[in-house]
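Novice: So here's start-v2.cif, just mmCIF, C-alpha atoms and all ligand atoms:
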data_structure
#
loop_
_atom_site.group_PDB
_atom_site.id
_atom_site.type_symbol
_atom_site.label_atom_id
_atom_site.label_comp_id
_atom_site.auth_asym_id
_atom_site.auth_seq_id
_atom_site.Cartn_x
_atom_site.Cartn_y
_atom_site.Cartn_z
ATOM 1 C CA MET A 271 38.128 30.465 128.089
ATOM 2 C CA THR A 272 34.513 30.904 127.074
ATOM 3 C CA SER A 273 33.579 34.370 128.308
ATOM 4 C CA LYS A 274 33.600 37.303 125.889
ATOM 5 C CA SER A 275 36.180 39.186 127.931
ATOM 6 C CA GLY A 276 38.295 36.054 128.227
ATOM 7 C CA MET A 277 38.234 35.434 124.495
ATOM 8 C CA GLU A 278 39.088 39.094 123.860
ATOM 9 C CA LEU A 279 41.994 38.795 126.286
ATOM 10 C CA VAL A 280 43.333 35.715 124.516
ATOM 11 C CA GLU A 281 42.947 37.410 121.128
ATOM 12 C CA SER A 282 44.856 40.450 122.374
ATOM 13 C CA ILE A 283 47.650 38.290 123.713
ATOM 14 C CA GLU A 284 47.832 36.306 120.501
ATOM 15 C CA ASP A 285 47.805 39.503 118.424
ATOM 16 C CA GLY A 286 50.502 41.379 120.281
ATOM 17 C CA LEU A 287 52.568 39.596 122.875
ATOM 18 C CA GLY A 288 54.684 37.553 120.491
ATOM 19 C CA SER A 289 55.916 40.546 118.560
ATOM 20 C CA ILE A 290 56.647 42.404 121.797
ATOM 21 C CA GLN A 291 58.621 39.457 123.142
ATOM 22 C CA ARG A 292 60.606 39.122 119.898
ATOM 23 C CA ALA A 293 61.325 42.862 119.843
ATOM 24 C CA PHE A 294 62.683 42.690 123.391
ATOM 25 C CA ASP A 295 64.925 39.813 122.297
ATOM 26 C CA THR A 296 66.234 41.752 119.309
ATOM 27 C CA TYR A 297 66.865 44.856 121.411
ATOM 28 C CA GLN A 298 68.562 42.912 124.199
ATOM 29 C CA ASN A 299 70.838 41.067 121.764
ATOM 30 C CA GLU A 300 71.782 44.310 120.000
ATOM 31 C CA PHE A 301 72.703 46.361 123.049
ATOM 32 C CA PHE A 302 73.606 43.999 125.900
ATOM 33 C CA ILE A 303 75.834 40.993 126.444
ATOM 34 C CA ALA A 304 74.189 37.585 126.565
ATOM 35 C CA ARG A 305 73.168 36.400 130.025
ATOM 36 C CA PRO A 306 71.864 33.031 131.170
ATOM 37 C CA PRO A 307 68.241 32.625 132.264
ATOM 38 C CA GLU A 308 69.375 32.280 135.869
ATOM 39 C CA PHE A 309 70.713 35.846 135.739
ATOM 40 C CA PHE A 310 67.402 37.190 134.500
ATOM 41 C CA ALA A 311 65.435 35.149 137.052
ATOM 42 C CA LEU A 312 67.437 36.796 139.818
ATOM 43 C CA GLU A 313 67.079 40.195 138.154
ATOM 44 C CA LEU A 314 63.324 39.679 137.939
ATOM 45 C CA CYS A 315 63.159 38.856 141.647
ATOM 46 C CA GLY A 316 65.244 41.926 142.456
ATOM 47 C CA GLU A 317 63.034 44.211 140.415
ATOM 48 C CA ALA A 318 59.868 42.697 141.883
ATOM 49 C CA GLY A 319 61.381 43.301 145.312
ATOM 50 C CA GLU A 320 62.047 46.938 144.470
ATOM 51 C CA LEU A 321 58.438 47.346 143.352
ATOM 52 C CA ALA A 322 57.145 45.605 146.473
ATOM 53 C CA ASN A 323 59.316 47.791 148.678
ATOM 54 C CA LEU A 324 57.818 50.944 147.175
ATOM 55 C CA GLU A 325 54.316 49.572 147.725
ATOM 56 C CA LYS A 326 55.191 48.666 151.312
ATOM 57 C CA LYS A 327 56.368 52.221 151.948
ATOM 58 C CA ARG A 328 53.241 53.638 150.290
ATOM 59 C CA TRP A 329 51.073 51.325 152.427
ATOM 60 C CA ARG A 330 52.849 52.635 155.529
ATOM 61 C CA GLY A 331 51.950 56.184 154.557
ATOM 62 C CA GLN A 332 55.123 57.432 152.927
ATOM 63 C CA THR A 333 54.866 59.523 149.806
ATOM 64 C CA ILE A 334 56.089 57.495 146.851
ATOM 65 C CA SER A 335 56.269 59.008 143.415
ATOM 66 C CA ASP A 336 54.081 57.443 140.773
ATOM 67 C CA GLN A 337 57.004 57.727 138.365
ATOM 68 C CA ASP A 338 59.250 55.636 140.619
ATOM 69 C CA THR A 339 56.523 52.999 140.882
ATOM 70 C CA ALA A 340 56.007 52.975 137.123
ATOM 71 C CA ASP A 341 59.774 52.658 136.610
ATOM 72 C CA GLU A 342 59.894 49.574 138.821
ATOM 73 C CA ALA A 343 56.859 48.054 137.106
ATOM 74 C CA ALA A 344 58.672 48.582 133.806
ATOM 75 C CA ASP A 345 61.793 46.922 135.212
ATOM 76 C CA VAL A 346 59.688 43.887 136.172
ATOM 77 C CA LEU A 347 58.256 43.593 132.662
ATOM 78 C CA ILE A 348 61.644 44.056 131.004
ATOM 79 C CA SER A 349 63.325 41.473 133.201
ATOM 80 C CA LEU A 350 60.451 39.021 132.660
ATOM 81 C CA MET A 351 60.799 39.416 128.896
ATOM 82 C CA ASN A 352 64.549 38.882 129.115
ATOM 83 C CA PHE A 353 64.096 35.832 131.311
ATOM 84 C CA ALA A 354 61.496 34.278 129.000
ATOM 85 C CA ASN A 355 63.702 34.866 125.967
ATOM 86 C CA ALA A 356 66.808 33.477 127.660
ATOM 87 C CA ARG A 357 64.846 30.417 128.854
ATOM 88 C CA GLY A 358 63.105 29.896 125.497
ATOM 89 C CA ILE A 359 59.621 30.397 126.869
ATOM 90 C CA ASN A 360 56.910 31.403 124.419
ATOM 91 C CA LEU A 361 54.993 33.791 126.640
ATOM 92 C CA THR A 362 52.016 33.920 124.314
ATOM 93 C CA GLN A 363 51.514 30.179 124.560
ATOM 94 C CA ALA A 364 52.371 30.085 128.255
ATOM 95 C CA VAL A 365 49.911 32.832 129.210
ATOM 96 C CA VAL A 366 47.099 31.525 127.015
ATOM 97 C CA ASP A 367 47.589 28.016 128.430
ATOM 98 C CA LYS A 368 47.689 29.341 131.977
ATOM 99 C CA LEU A 369 44.566 31.475 131.565
ATOM 100 C CA ALA A 370 42.704 28.361 130.415
ATOM 101 C CA ARG A 371 43.596 26.639 133.704
ATOM 102 C CA ILE A 372 42.810 29.508 136.091
ATOM 103 C CA PRO A 373 39.400 29.053 137.729
ATOM 104 C CA HIS A 374 36.977 31.846 136.930
ATOM 105 C CA SER A 375 35.100 33.251 139.873
ATOM 106 C CA LYS A 376 35.115 36.302 142.088
ATOM 107 C CA SER A 377 35.158 34.228 145.262
HETATM 108 MG MG MG A 401 64.470 48.688 139.386
#
Go ahead and express the file in the form of structure tokens.
Specialist:
Amino acid sequence: MTSKSGMELVESIEDGLGSIQRAFDTYQNEFFIARPPEFFALELCGEAGELANLEKKRWRGQTISDQDTADEAADVLISLMNFANARGINLTQAVVDKLARIPHSKS
């Protein structure tokens, strides 16, 4: 990642994502029973499906509340955090590594 915006992105991830992920883990362990990563993977797919369904309806011309869409986006993030924690994935490292492998072009 050699571009200025890319380096800033990596710095932001390295500065903040780890503490966010750990805080989700602490919160989840304090208030909810332990679940295996498979549970959270399925939950993540379900939440992503709910978000996609709202976008499908919006695309078809239905009125969808921005709050409902934001709620589903939040559900996706929460379930991703829970999955990564249950599976032992360091999201900071995973995202930084992945960004380094994604080709950079607008094509
Ligand atoms: Mg939901």
Novice: Residue by residue, what does the PyMOL selection byres (((not hetatm)) within 6 of (chain A and resi 401)) grab here? Present the result as a list in words.
Specialist: Glu317, Glu320, Glu342 and Asp345 of chain A
Novice: Rounded to one decimal place, report the CA of Ser273 (chain A)-CA of Asp367 (chain A) distance in Å.
Specialist: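 It comes out at 15.4 Å.
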Novice: Could you pull the residues within 8 Å of region 297-305 of chain A, counting only C-alpha atoms, minus those fewer than 3 positions along the same chain, as a PyMOL selection string?
Specialist: chain A and resi 293-294+309-310+352+356
Novice: Which polymer residues, protein or nucleic acid, are no farther than 12 Å from (40.6, 33.8, 136.5), counting all atoms listed in the file, as a ChimeraX atom specification?
Specialist: /A:271-273,275-276,279,365-366,368-377
Novice: What is the distance between CA of Ser282 (chain A) and CA of Phe353 (chain A), in Å to one decimal?
Specialist: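 That distance, rounded to one decimal, is 21.7 Å.
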Novice: Find the distance between CA of Thr333 (chain A) and CA of Val346 (chain A) and write it in Å to one decimal.
Specialist: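 The value is 21.3 Å.
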Novice: From the set A:Arg330, A:Gly288, A:Lys274, A:Gly316, which residue has the shortest atom-to-atom contact distance to Gln363 (chain A), counting all atoms listed in the file?
Specialist: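 Closest to Gln363 (chain A), using all atoms listed in the file: A:Gly288.
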Novice: Please provide the set of residues having any atom within 12 Å of Ala322 (chain A), restricted to all atoms listed in the file, with same-chain residues fewer than 6 positions apart removed, written as a count of residues only.
Specialist: 11
Novice: As a check of understanding, name the residues that the PyMOL selection byres (((chain A and resi 357) around 10) and not hetatm) selects in the supplied structure, as a ChimeraX atom specification.
Specialist: /A:306-308,310-311,351-356,358-360
Novice: Go through A:Ala318, A:Ala364, A:Ala344, A:Leu350 one by one, measure the shortest atom-to-atom distance of each to Asp295 (chain A) using all atoms listed in the file, and give the residue with the smallest value.
Specialist: A:Leu350
